[in-house]
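Have a look at target_8.txt; it's compact mmCIF, C-alpha atoms:
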```
# COMPACT_ATOMS: atom_id res chain seq x y z
CA MET O 1 -98.19 181.62 132.58
CA PRO O 2 -98.92 184.95 130.85
CA GLU O 3 -102.41 186.14 131.73
CA GLN O 4 -103.25 186.61 128.05
CA PHE O 5 -103.21 182.84 127.54
CA ALA O 6 -105.30 181.88 130.59
CA ALA O 7 -108.43 181.25 128.50
CA ALA O 8 -106.50 179.02 126.07
CA ALA O 9 -104.97 177.07 128.95
CA ALA O 10 -108.38 176.60 130.56
CA LEU O 11 -109.75 175.34 127.24
CA LEU O 12 -107.00 172.69 127.07
CA ARG O 13 -107.78 171.44 130.58
CA GLU O 14 -111.47 171.35 129.74
CA ALA O 15 -110.74 169.30 126.61
CA ILE O 16 -108.66 166.79 128.58
CA ALA O 17 -111.34 166.48 131.26
CA GLY O 18 -113.86 165.86 128.48
CA GLY O 19 -111.79 163.05 126.95
CA ALA O 20 -110.73 164.77 123.72
CA PHE O 21 -107.14 163.57 124.33
CA PRO O 22 -105.07 162.58 127.37
CA ALA O 23 -101.93 164.61 126.59
CA ALA O 24 -101.23 167.99 125.03
CA THR O 25 -98.41 170.46 124.59
CA VAL O 26 -98.64 173.93 123.05
CA GLU O 27 -96.08 176.47 121.96
CA VAL O 28 -96.98 179.94 120.73
CA GLY O 29 -94.22 182.21 119.52
CA ARG O 30 -92.71 184.69 117.14
CA ALA O 31 -89.59 184.61 114.99
CA ASN O 32 -87.47 185.75 117.93
CA GLY O 33 -88.71 183.10 120.39
CA PRO O 34 -91.61 181.50 122.29
CA LEU O 35 -94.32 183.57 124.00
CA TRP O 36 -96.12 180.73 125.80
CA ARG O 37 -95.50 177.04 126.41
CA ASP O 38 -97.92 174.68 128.11
CA ALA O 39 -97.94 170.96 128.90
CA THR O 40 -101.22 169.48 130.07
CA GLY O 41 -102.59 166.10 131.10
CA ARG O 42 -100.99 162.69 131.39
CA LEU O 43 -99.57 160.37 128.75
CA THR O 44 -102.67 158.16 129.02
CA TYR O 45 -106.01 158.31 130.86
CA ASP O 46 -104.60 156.13 133.65
CA PRO O 47 -104.37 158.29 136.81
CA ASP O 48 -100.93 156.79 137.50
CA SER O 49 -99.62 157.64 134.04
CA PRO O 50 -96.69 160.11 133.96
CA PRO O 51 -97.68 163.77 133.59
CA VAL O 52 -97.05 165.53 130.31
CA GLU O 53 -93.95 167.72 130.29
CA PRO O 54 -92.66 170.33 127.83
CA GLY O 55 -90.20 167.68 126.61
CA THR O 56 -92.87 165.06 125.87
CA ILE O 57 -92.44 163.61 122.38
CA PHE O 58 -95.37 163.12 119.99
CA ASP O 59 -95.92 161.26 116.73
CA LEU O 60 -96.38 164.17 114.30
CA ALA O 61 -98.14 162.10 111.62
CA SER O 62 -98.86 164.32 108.56
CA LEU O 63 -96.95 167.32 109.89
CA THR O 64 -94.16 165.29 108.28
CA LYS O 65 -95.51 166.45 104.92
CA VAL O 66 -94.61 170.09 105.56
CA ILE O 67 -91.74 169.87 108.06
CA ALA O 68 -89.77 167.23 106.16
CA THR O 69 -91.00 166.50 102.63
CA THR O 70 -92.09 169.97 101.51
CA THR O 71 -88.99 171.55 103.02
CA LEU O 72 -86.66 169.04 101.36
CA ALA O 73 -88.51 169.63 98.08
CA MET O 74 -87.90 173.38 98.38
CA ARG O 75 -84.21 172.79 98.98
CA ALA O 76 -84.01 170.39 96.04
CA VAL O 77 -85.56 173.09 93.83
CA ASP O 78 -83.08 175.66 95.13
CA GLU O 79 -80.17 173.32 94.45
CA GLY O 80 -81.32 172.55 90.91
CA CYS O 81 -81.87 168.87 91.69
CA LEU O 82 -85.60 169.07 91.03
CA ARG O 83 -87.98 171.27 89.06
CA LEU O 84 -91.61 171.72 90.02
CA ASP O 85 -92.80 171.06 86.48
CA ASP O 86 -90.75 167.89 86.05
CA PRO O 87 -93.07 165.04 85.08
CA VAL O 88 -93.26 162.36 87.74
CA LYS O 89 -92.39 159.74 85.11
CA LEU O 90 -88.97 161.39 84.76
CA TRP O 91 -88.13 160.32 88.32
CA LEU O 92 -90.11 157.13 88.89
CA ARG O 93 -89.92 154.25 86.42
CA GLU O 94 -93.09 152.69 87.83
CA TRP O 95 -95.18 155.78 87.00
CA ARG O 96 -96.49 154.80 83.58
CA GLY O 97 -99.76 155.26 81.69
CA ALA O 98 -101.42 157.70 79.34
CA ASP O 99 -103.70 158.95 82.12
CA ARG O 100 -100.70 160.23 84.14
CA ASP O 101 -98.12 161.32 81.58
CA THR O 102 -98.61 165.00 82.40
CA VAL O 103 -98.60 164.71 86.21
CA THR O 104 -95.79 166.80 87.71
CA ILE O 105 -93.98 167.30 91.00
CA ARG O 106 -96.10 170.43 91.47
CA ASP O 107 -99.27 168.33 91.17
CA LEU O 108 -98.09 165.95 93.89
CA LEU O 109 -97.34 168.88 96.21
CA ALA O 110 -100.74 170.44 95.47
CA HIS O 111 -102.65 167.17 96.03
CA SER O 112 -104.03 167.45 92.49
CA SER O 113 -102.32 164.49 90.78
CA GLY O 114 -105.41 162.32 90.38
CA LEU O 115 -104.32 159.89 93.09
CA THR O 116 -106.82 158.64 95.64
CA ALA O 117 -106.52 159.78 99.25
CA TYR O 118 -105.45 156.57 100.96
CA LEU O 119 -105.18 152.82 100.55
CA PRO O 120 -104.02 150.25 103.15
CA PHE O 121 -100.98 149.06 101.20
CA PHE O 122 -99.41 147.75 104.42
CA ARG O 123 -101.70 144.72 104.25
CA ASP O 124 -100.04 143.48 101.06
CA TYR O 125 -96.77 145.34 100.50
CA THR O 126 -93.51 146.11 102.29
CA GLY O 127 -90.75 148.53 101.39
CA ARG O 128 -90.26 151.20 98.80
CA PHE O 129 -90.07 149.01 95.68
CA GLU O 130 -93.42 147.31 96.32
CA PHE O 131 -95.14 150.56 97.32
CA GLU O 132 -93.80 152.44 94.31
CA HIS O 133 -95.05 149.78 91.92
CA ALA O 134 -98.47 149.59 93.61
CA ILE O 135 -99.02 153.36 93.53
CA GLY O 136 -97.55 153.81 90.06
CA SER O 137 -99.92 151.26 88.54
CA LEU O 138 -103.00 152.39 90.44
CA PRO O 139 -105.77 153.88 88.24
CA LEU O 140 -106.20 157.60 88.83
CA GLU O 141 -109.37 158.70 90.59
CA TYR O 142 -109.86 161.96 88.69
CA GLU O 143 -108.30 164.03 85.91
CA PRO O 144 -105.09 165.66 87.16
CA ARG O 145 -105.43 169.34 88.15
CA SER O 146 -109.24 169.27 87.82
CA ARG O 147 -109.63 169.16 91.60
CA SER O 148 -107.69 168.51 94.80
CA ILE O 149 -107.96 165.41 96.96
CA TYR O 150 -105.63 165.30 99.95
CA SER O 151 -103.48 162.25 99.27
CA ASP O 152 -100.97 160.34 101.35
CA LEU O 153 -100.04 158.43 98.20
CA GLY O 154 -98.74 161.50 96.41
CA PHE O 155 -96.45 162.36 99.31
CA MET O 156 -95.16 158.80 99.50
CA LEU O 157 -94.07 159.28 95.89
CA LEU O 158 -92.50 162.64 96.73
CA GLY O 159 -90.40 160.90 99.36
CA PHE O 160 -89.18 158.41 96.76
CA ILE O 161 -88.46 161.18 94.26
CA LEU O 162 -86.43 163.16 96.81
CA GLU O 163 -84.30 160.07 97.38
CA ASN O 164 -83.72 159.70 93.64
CA ALA O 165 -82.99 163.39 93.12
CA HIS O 166 -80.44 163.78 95.91
CA PRO O 167 -76.87 163.45 94.62
CA PRO O 168 -74.98 160.40 95.97
CA GLY O 169 -72.27 160.98 98.53
CA PRO O 170 -68.70 161.11 97.15
CA ALA O 171 -67.64 158.09 99.22
CA PHE O 172 -70.50 155.84 98.09
CA LYS O 173 -69.24 152.70 96.30
CA GLY O 174 -72.41 150.61 96.19
CA ALA O 175 -73.43 148.35 93.34
CA PRO O 176 -75.48 149.85 90.48
CA GLY O 177 -79.11 150.28 91.57
CA THR O 178 -78.18 150.41 95.25
CA LEU O 179 -79.51 153.46 97.12
CA ASP O 180 -76.80 155.45 98.86
CA PRO O 181 -77.81 155.68 102.57
CA SER O 182 -77.03 159.42 102.51
CA ARG O 183 -79.86 159.86 99.98
CA ARG O 184 -82.53 158.27 102.15
CA LEU O 185 -85.34 160.59 103.17
CA ALA O 186 -84.64 160.18 106.89
CA THR O 187 -80.93 160.91 106.46
CA GLN O 188 -81.58 164.01 104.36
CA PHE O 189 -84.02 165.34 106.93
CA HIS O 190 -81.83 164.64 109.95
CA ARG O 191 -79.09 166.76 108.37
CA LEU O 192 -81.57 169.55 107.69
CA ALA O 193 -83.12 169.47 111.18
CA SER O 194 -79.72 169.93 112.77
CA TYR O 195 -79.56 173.40 111.19
CA PHE O 196 -82.46 174.79 113.21
CA THR O 197 -82.94 172.72 116.38
CA ALA O 198 -81.18 170.48 118.87
CA GLU O 199 -84.59 169.37 120.19
CA PRO O 200 -85.88 165.85 119.40
CA LEU O 201 -87.11 165.86 115.79
CA ARG O 202 -86.56 162.77 113.66
CA PHE O 203 -87.84 159.65 111.97
CA THR O 204 -87.46 156.23 113.67
CA PRO O 205 -86.82 157.54 117.19
CA PRO O 206 -84.41 155.60 119.41
CA ARG O 207 -85.75 153.32 122.12
CA ALA O 208 -84.41 155.70 124.79
CA TRP O 209 -87.08 158.25 123.79
CA ARG O 210 -89.97 155.95 124.64
CA VAL O 211 -90.24 156.87 128.32
CA ARG O 212 -91.03 160.47 127.30
CA THR O 213 -93.19 159.64 124.26
CA ALA O 214 -96.98 159.90 124.29
CA PRO O 215 -98.60 156.59 123.26
CA THR O 216 -100.90 156.58 120.27
CA GLU O 217 -103.25 153.71 119.44
CA VAL O 218 -103.78 150.13 120.47
CA ASP O 219 -103.10 148.82 116.95
CA GLU O 220 -105.07 145.72 116.03
CA TRP O 221 -102.86 145.04 113.00
CA ARG O 222 -99.63 144.99 115.02
CA GLY O 223 -101.30 143.68 118.16
CA ARG O 224 -99.84 146.21 120.61
CA LEU O 225 -100.01 149.71 122.03
CA LEU O 226 -97.77 151.97 119.95
CA VAL O 227 -95.22 153.97 121.92
CA GLY O 228 -92.37 155.54 119.96
CA GLU O 229 -93.41 153.46 116.95
CA VAL O 230 -95.00 155.22 114.00
CA HIS O 231 -98.79 155.15 114.12
CA ASP O 232 -99.37 155.24 110.36
CA GLU O 233 -99.41 151.65 109.14
CA ASN O 234 -98.15 152.42 105.63
CA THR O 235 -95.17 154.29 107.08
CA TRP O 236 -94.49 151.32 109.35
CA ALA O 237 -94.45 149.02 106.28
CA LEU O 238 -91.97 151.42 104.65
CA GLY O 239 -89.61 151.03 107.58
CA GLY O 240 -90.70 153.99 109.70
CA ALA O 241 -89.97 156.90 107.35
CA GLY O 242 -92.28 158.09 104.58
CA GLY O 243 -92.87 161.26 102.67
CA HIS O 244 -96.32 161.45 104.25
CA ALA O 245 -95.68 160.53 107.91
CA GLY O 246 -93.10 159.28 110.39
CA LEU O 247 -91.63 162.25 112.27
CA PHE O 248 -91.57 162.40 116.08
CA ALA O 249 -90.86 165.63 117.97
CA THR O 250 -91.43 167.88 120.94
CA ALA O 251 -93.46 171.08 120.68
CA ALA O 252 -90.20 173.02 121.10
CA ALA O 253 -88.71 171.30 118.05
CA VAL O 254 -91.75 172.10 115.90
CA GLY O 255 -91.60 175.65 117.27
CA ALA O 256 -87.97 175.92 116.19
CA PHE O 257 -88.99 174.86 112.69
CA ALA O 258 -91.79 177.46 112.68
CA ARG O 259 -89.34 180.19 113.72
CA ALA O 260 -87.02 179.11 110.90
CA VAL O 261 -89.94 179.47 108.46
CA LEU O 262 -90.80 182.95 109.78
CA ARG O 263 -87.18 184.05 109.52
CA THR O 264 -86.96 182.66 105.98
CA ILE O 265 -90.07 184.59 104.97
CA SER O 266 -88.35 187.70 106.34
CA GLY O 267 -85.32 187.15 104.12
CA GLU O 268 -82.94 184.70 105.83
CA PRO O 269 -82.23 181.58 103.72
CA ILE O 270 -82.73 178.99 106.48
CA VAL O 271 -85.25 176.34 105.39
CA ALA O 272 -84.91 177.40 101.74
CA SER O 273 -84.40 180.55 99.72
CA PRO O 274 -87.02 183.17 100.71
CA ASP O 275 -88.35 183.37 97.13
CA THR O 276 -88.86 179.61 96.94
CA LEU O 277 -90.65 179.50 100.28
CA ARG O 278 -92.96 182.34 99.26
CA MET O 279 -93.75 180.48 96.03
CA PHE O 280 -94.64 177.32 97.97
CA MET O 281 -96.89 179.36 100.30
CA CYS O 282 -99.12 180.68 97.50
CA LYS O 283 -102.49 179.00 97.07
CA THR O 284 -102.67 177.05 93.83
CA ASP O 285 -105.18 177.66 91.04
CA VAL O 286 -106.63 174.14 91.33
CA PRO O 287 -110.44 174.54 91.26
CA GLY O 288 -112.00 174.52 94.73
CA SER O 289 -108.72 173.95 96.55
CA SER O 290 -107.29 175.75 99.58
CA ARG O 291 -103.91 174.05 99.08
CA ALA O 292 -100.59 175.73 98.47
CA LEU O 293 -97.56 173.53 97.65
CA GLY O 294 -97.39 171.11 100.56
CA TRP O 295 -99.06 173.57 102.92
CA ASP O 296 -102.74 174.29 103.47
CA THR O 297 -104.01 177.86 103.63
CA MET O 298 -106.46 179.49 106.00
CA LEU O 299 -110.22 179.21 105.53
CA PRO O 300 -112.97 180.22 108.00
CA THR O 301 -113.61 176.49 108.44
CA SER O 302 -109.94 175.61 109.05
CA SER O 303 -108.54 173.89 112.12
CA CYS O 304 -106.93 177.22 113.04
CA GLY O 305 -110.24 178.93 113.78
CA THR O 306 -111.45 182.24 112.38
CA LYS O 307 -108.98 184.85 113.61
CA LEU O 308 -105.68 184.12 111.85
CA SER O 309 -104.68 186.22 108.84
CA PRO O 310 -106.03 184.95 105.49
CA SER O 311 -102.45 184.40 104.29
CA SER O 312 -101.65 181.95 107.11
CA ILE O 313 -100.27 178.52 106.26
CA GLY O 314 -100.54 175.33 108.26
CA HIS O 315 -101.15 171.62 108.45
CA THR O 316 -102.63 168.99 110.73
CA GLY O 317 -101.64 165.44 111.64
CA PHE O 318 -103.96 162.46 112.10
CA THR O 319 -102.64 161.66 115.57
CA GLY O 320 -103.85 165.03 116.85
CA THR O 321 -101.14 167.49 115.87
CA SER O 322 -101.12 170.83 114.08
CA LEU O 323 -98.91 173.75 113.13
CA TRP O 324 -100.17 177.12 111.92
CA ILE O 325 -97.97 180.05 110.90
CA ASP O 326 -99.41 183.55 110.58
CA TRP O 327 -96.50 185.39 109.03
CA GLU O 328 -98.36 188.70 108.84
CA ARG O 329 -98.60 188.65 112.64
CA ASP O 330 -95.11 187.13 113.04
CA LEU O 331 -96.83 184.29 114.93
CA TYR O 332 -96.91 180.51 115.07
CA VAL O 333 -99.02 178.03 117.05
CA VAL O 334 -97.86 174.46 117.69
CA PHE O 335 -100.48 172.09 119.15
CA LEU O 336 -99.52 168.46 119.78
CA THR O 337 -101.77 165.77 121.27
CA ASN O 338 -102.26 162.00 121.17
CA ARG O 339 -105.98 162.14 120.42
CA VAL O 340 -105.86 158.63 118.86
CA TYR O 341 -105.15 157.06 122.27
CA PRO O 342 -106.53 154.48 122.72
CA THR O 343 -108.54 154.62 119.47
CA ARG O 344 -108.70 156.76 116.32
CA ALA O 345 -112.49 156.79 116.61
CA ASN O 346 -112.23 159.76 119.01
CA GLU O 347 -112.61 162.92 116.88
CA ALA O 348 -113.46 165.40 119.63
CA ILE O 349 -110.32 167.37 118.76
CA ARG O 350 -112.10 168.76 115.69
CA LYS O 351 -114.03 171.14 117.94
CA VAL O 352 -111.06 171.91 120.19
CA ARG O 353 -108.55 173.04 117.55
CA PRO O 354 -110.41 176.11 116.20
CA ARG O 355 -111.49 177.21 119.68
CA LEU O 356 -107.90 176.99 120.94
CA HIS O 357 -106.51 179.10 118.10
CA ASP O 358 -109.27 181.68 118.49
CA ALA O 359 -108.58 181.89 122.24
CA ILE O 360 -104.86 182.40 121.58
CA ILE O 361 -105.47 185.22 119.11
CA ALA O 362 -108.03 186.83 121.44
CA GLY O 363 -105.40 186.77 124.19
CA LEU O 364 -102.78 188.34 121.97
CA GLU O 365 -105.23 191.09 121.04
CA THR O 366 -105.69 192.00 124.70
CA PRO O 367 -104.82 195.71 125.07
CA GLY O 368 -101.31 196.23 126.35
CA PHE O 369 -99.86 192.91 125.22
```
Once you've parsed the file, please lay out its structure as structure tokens.
Amino acid sequence: MPEQFAAAAALLREAIAGGAFPAATVEVGRANGPLWRDATGRLTYDPDSPPVEPGTIFDLASLTKVIATTTLAMRAVDEGCLRLDDPVKLWLREWRGADRDTVTIRDLLAHSSGLTAYLPFFRDYTGRFEFEHAIGSLPLEYEPRSRSIYSDLGFMLLGFILENAHPPGPAFKGAPGTLDPSRRLATQFHRLASYFTAEPLRFTPPRAWRVRTAPTEVDEWRGRLLVGEVHDENTWALGGAGGHAGLFATAAAVGAFARAVLRTISGEPIVASPDTLRMFMCKTDVPGSSRALGWDTMLPTSSCGTKLSPSSIGHTGFTGTSLWIDWERDLYVVFLTNRVYPTRANEAIRKVRPRLHDAIIAGLETPGF
């Protein structure tokens, strides 16, 4: 392990000993490759549980919003399939009402659509049709664009819109109203992921991955410990893939995505055109919001600590995951844990995340590195 990261590594081991999470992997790197990788702890708190390895797979939760949904939205914009100022009602028949006529794709990406943060739809609904109707007919919580409330619901709708906007495959001969499988969110993303990594990164992981997957929660609703099965209940009710959650991956796979973002910012059209990515990275003008389009931006109170550049972009995931990209430093930090094992009530990671990022930056600023 490089000496510059010794303090960060010690912090991870301290966090595991203190019960913040049982398992963690980290990757720090630049556009040309990783600088430091670490795998710490065991898959559970059981002393006989398998040790964490660099290839351990984690439920990414809301990192799905930026890695999959936001990236597919950028590509759809580039390809002319979608425009940011398209009204949502143009793409979703269930989105109807005078209070939401002006809500756009941009508003969904900026979490400023008026939608509430979360509702447990899984208790009453299953599948896209039922979810789309339930969200589309839900009263808005606030006037669109007057504020920003981080909303899973808006990204569920973005997933549906991306399916509608994607052109059908030339060989598709389904009945009218039938969704071409090639247009499904998971299928679109699996094609995209193959461009930048061969590492595990996908929705609905195969059963063979379970032996190397970190468990999440003992789910009372499903009555079992979740291993290789999406933690988010609404995503589960959607079949395992949603615009807001559902991806599973290794730290190396998320690192490969981060490198693709850094290279795109530098001018290579990998995840999208460089101009489109830079547009999505800009903080919106929504009052009081730190949000860009899909991404969050750096604040002194962010999960990334206090030392990253103000222009940094990132996101967190409910299961204990995060990705931050400091493009001015040509730097990314991937941090994956299963902090919800065995219960989501454990929020000790909130104090660990900023300290870890600050320790990483302090190490990189060591003279001679």
* Asked: From the list O:Ala362, O:Ala15, O:Leu35, O:Leu153, which residue is nearest O:Leu115 when using all atoms listed in the file?
  ->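 That would be O:Leu153, the residue with the smallest distance to O:Leu115.
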* To do: Would you kindly return, as an MDAnalysis selection string, each protein, DNA or RNA residue with an atom no farther than 10 Å from any atom of O:Pro287, considering all atoms listed in the file and excluding same-chain residues fewer than 6 positions away?
  => chainID O and resid 112 145:148
So that I have them on file, write out the residues from the current selection with C-alpha atoms, as a tab-separated table (two decimals), in the coordinates of the input.
```
chain	number	residue	atom	x	y	z
O	112	SER	CA	-104.03	167.45	92.49
O	145	ARG	CA	-105.43	169.34	88.15
O	146	SER	CA	-109.24	169.27	87.82
O	147	ARG	CA	-109.63	169.16	91.60
O	148	SER	CA	-107.69	168.51	94.80
```
* To do: Write out as a list in words which residues come within 8 Å of stretch 101-111 of chain O when counting all atoms listed in the file, dropping same-chain ones fewer than 5 positions away.
  => Thr70, Arg83, Leu84, Asp85, Asp86, Pro87, Val88, Lys89, Arg96, Pro144, Arg145, Ser148, Ile149, Tyr150, Ser151, Gly154, Phe155, Leu158, Thr284, Arg291, Ala292, Leu293 and Gly294 of chain O
* atom CA of O:Pro354 to atom CA of O:Val66, straight-line distance in Å -> 20.0 Å
* May I have the residues at most 9 Å from (-94.0, 162.3, 128.4) in the file's coordinates, counting all atoms listed in the file, as a ChimeraX atom specification? => /O:23,42-43,50-58,210-215
Output C-alpha atoms for every residue in the selection just made, as a compact mmCIF listing (two decimals), in the frame of the given file.
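Writing done, so here's result29.txt:
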```
# COMPACT_ATOMS: atom_id res chain seq x y z
CA ALA O 23 -101.93 164.61 126.59
CA ARG O 42 -100.99 162.69 131.39
CA LEU O 43 -99.57 160.37 128.75
CA PRO O 50 -96.69 160.11 133.96
CA PRO O 51 -97.68 163.77 133.59
CA VAL O 52 -97.05 165.53 130.31
CA GLU O 53 -93.95 167.72 130.29
CA PRO O 54 -92.66 170.33 127.83
CA GLY O 55 -90.20 167.68 126.61
CA THR O 56 -92.87 165.06 125.87
CA ILE O 57 -92.44 163.61 122.38
CA PHE O 58 -95.37 163.12 119.99
CA ARG O 210 -89.97 155.95 124.64
CA VAL O 211 -90.24 156.87 128.32
CA ARG O 212 -91.03 160.47 127.30
CA THR O 213 -93.19 159.64 124.26
CA ALA O 214 -96.98 159.90 124.29
CA PRO O 215 -98.60 156.59 123.26
```
* Counting all atoms listed in the file, figure out which residue out of O:Ala258, O:Ile360, O:Met156, O:Ala345 gets nearest to O:Leu92. =>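 Among the listed residues, the smallest separation from O:Leu92 belongs to O:Met156.
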* To do: Just the residues within 12 Å of O:Pro34, please, counting all atoms listed in the file, with nothing from its chain fewer than 2 positions along; format it as number ranges by chain.
  => O: 2, 26-32, 36-38, 251-259, 330-334
* Contact residues around O:Gln188 with all atoms listed in the file at 12 Å, ignoring same-chain residues under 3 positions, as a PyMOL selection string -> chain O and resi 68-69+71-73+75-76+159+162-169+180-185+191-195+202-203+241+243
List the residues sitting within 9 Å of (-83.9, 165.1, 118.6) in the file's frame, using only C-alpha atoms, as a compact mmCIF listing (two decimals) with C-alpha atoms, in the frame of the given file.
```txt
# COMPACT_ATOMS: atom_id res chain seq x y z
CA HIS O 190 -81.83 164.64 109.95
CA ALA O 193 -83.12 169.47 111.18
CA SER O 194 -79.72 169.93 112.77
CA THR O 197 -82.94 172.72 116.38
CA ALA O 198 -81.18 170.48 118.87
CA GLU O 199 -84.59 169.37 120.19
CA PRO O 200 -85.88 165.85 119.40
CA LEU O 201 -87.11 165.86 115.79
CA ARG O 202 -86.56 162.77 113.66
CA PRO O 205 -86.82 157.54 117.19
CA PHE O 248 -91.57 162.40 116.08
CA ALA O 249 -90.86 165.63 117.97
CA THR O 250 -91.43 167.88 120.94
CA ALA O 253 -88.71 171.30 118.05
```
Taking 3 positions as the minimum chain separation for residues in the same chain, which residues sit within 12 Å of O:Asp275 when counting all atoms listed in the file? Answer as an mmCIF file with C-alpha atoms, keeping the file's coordinate frame.
```
data_model
loop_
_atom_site.group_PDB
_atom_site.id
_atom_site.type_symbol
_atom_site.label_atom_id
_atom_site.label_comp_id
_atom_site.auth_asym_id
_atom_site.auth_seq_id
_atom_site.Cartn_x
_atom_site.Cartn_y
_atom_site.Cartn_z
ATOM 1 C CA MET O 74 -87.900 173.380 98.380
ATOM 2 C CA ARG O 75 -84.210 172.790 98.980
ATOM 3 C CA VAL O 77 -85.560 173.090 93.830
ATOM 4 C CA ASP O 78 -83.080 175.660 95.130
ATOM 5 C CA THR O 264 -86.960 182.660 105.980
ATOM 6 C CA ILE O 265 -90.070 184.590 104.970
ATOM 7 C CA SER O 266 -88.350 187.700 106.340
ATOM 8 C CA GLY O 267 -85.320 187.150 104.120
ATOM 9 C CA GLU O 268 -82.940 184.700 105.830
ATOM 10 C CA PRO O 269 -82.230 181.580 103.720
ATOM 11 C CA ILE O 270 -82.730 178.990 106.480
ATOM 12 C CA VAL O 271 -85.250 176.340 105.390
ATOM 13 C CA ALA O 272 -84.910 177.400 101.740
ATOM 14 C CA ARG O 278 -92.960 182.340 99.260
ATOM 15 C CA MET O 279 -93.750 180.480 96.030
ATOM 16 C CA PHE O 280 -94.640 177.320 97.970
ATOM 17 C CA MET O 281 -96.890 179.360 100.300
ATOM 18 C CA CYS O 282 -99.120 180.680 97.500
#
```
* Nearest to O:Ala10 among O:Arg355, O:Leu63, O:Thr337, O:Cys304, with distances taken over only C-alpha atoms: which residue is it? ->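 Smallest distance to O:Ala10 is found for O:Arg355.
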Specify the axis-aligned box that encloses all atoms of stretch 106-118 of chain O listed in the file after padding of 6 Å on each side, stating its centre and edge lengths in Å to one decimal as AutoDock Vina command-line options.
```
--center_x -101.5 --center_y 163.5 --center_z 95.7 --size_x 22.7 --size_y 25.9 --size_z 22.6
```
* Structure fact -> From the list O:Ile67, O:Leu157, O:Val230, O:Leu308, the nearest residue to O:Phe196 using all atoms listed in the file is O:Ile67
* To do: Could you check how far atom CA of O:Pro367 sits from atom CA of O:Thr297, in Å to one decimal?
  =>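 Those two atoms sit 27.9 Å apart.
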* Asked: By how many Å are atom CA of O:Trp91 and atom CA of O:Arg123 apart?
  ->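 About the pair atom CA of O:Trp91 and atom CA of O:Arg123: they are 26.1 Å apart.
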* Rank nothing, just name the residue among O:Gly240, O:Gly288, O:Gly33, O:Pro342 nearest to O:Val218, using all atoms listed in the file. => O:Pro342
Mind rebuilding stretch 143-147 of chain O with all heavy atoms and writing that out as an mmCIF file, in the coordinates of the input?
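Below is the file selection.cif, written as the result:
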```cif
data_model
loop_
_atom_site.group_PDB
_atom_site.id
_atom_site.type_symbol
_atom_site.label_atom_id
_atom_site.label_comp_id
_atom_site.auth_asym_id
_atom_site.auth_seq_id
_atom_site.Cartn_x
_atom_site.Cartn_y
_atom_site.Cartn_z
ATOM 1 N N GLU O 143 -109.227 163.417 86.852
ATOM 2 C CA GLU O 143 -108.300 164.030 85.910
ATOM 3 C C GLU O 143 -107.338 164.958 86.655
ATOM 4 O O GLU O 143 -107.778 165.807 87.434
ATOM 5 C CB GLU O 143 -109.069 164.818 84.859
ATOM 6 C CG GLU O 143 -108.177 165.432 83.793
ATOM 7 C CD GLU O 143 -108.973 166.231 82.779
ATOM 8 O OE1 GLU O 143 -110.211 166.116 82.779
ATOM 9 O OE2 GLU O 143 -108.337 166.980 81.998
ATOM 10 N N PRO O 144 -106.047 164.795 86.463
ATOM 11 C CA PRO O 144 -105.090 165.660 87.160
ATOM 12 C C PRO O 144 -105.396 167.147 86.976
ATOM 13 O O PRO O 144 -105.782 167.587 85.899
ATOM 14 C CB PRO O 144 -103.753 165.283 86.520
ATOM 15 C CG PRO O 144 -103.942 163.867 86.094
ATOM 16 C CD PRO O 144 -105.376 163.778 85.647
ATOM 17 N N ARG O 145 -105.255 167.886 88.089
ATOM 18 C CA ARG O 145 -105.430 169.340 88.150
ATOM 19 C C ARG O 145 -106.872 169.803 88.026
ATOM 20 O O ARG O 145 -107.152 170.999 88.048
ATOM 21 C CB ARG O 145 -104.567 170.060 87.091
ATOM 22 C CG ARG O 145 -103.083 169.907 87.333
ATOM 23 C CD ARG O 145 -102.251 170.496 86.210
ATOM 24 N NE ARG O 145 -102.407 169.753 84.966
ATOM 25 C CZ ARG O 145 -101.796 168.589 84.694
ATOM 26 N NH1 ARG O 145 -100.980 168.039 85.577
ATOM 27 N NH2 ARG O 145 -101.986 167.980 83.542
ATOM 28 N N SER O 146 -107.828 168.874 87.907
ATOM 29 C CA SER O 146 -109.240 169.270 87.820
ATOM 30 C C SER O 146 -109.832 169.501 89.209
ATOM 31 O O SER O 146 -110.879 170.143 89.336
ATOM 32 C CB SER O 146 -110.052 168.184 87.092
ATOM 33 O OG SER O 146 -110.065 166.979 87.848
ATOM 34 N N ARG O 147 -109.167 169.004 90.227
ATOM 35 C CA ARG O 147 -109.630 169.160 91.600
ATOM 36 C C ARG O 147 -108.481 168.784 92.530
ATOM 37 O O ARG O 147 -107.391 168.422 92.071
ATOM 38 C CB ARG O 147 -110.845 168.257 91.878
ATOM 39 C CG ARG O 147 -110.579 166.787 91.624
ATOM 40 C CD ARG O 147 -111.827 165.937 91.667
ATOM 41 N NE ARG O 147 -112.430 165.913 92.987
ATOM 42 C CZ ARG O 147 -113.296 164.976 93.387
ATOM 43 N NH1 ARG O 147 -113.677 164.028 92.543
ATOM 44 N NH2 ARG O 147 -113.799 164.999 94.577
#
```
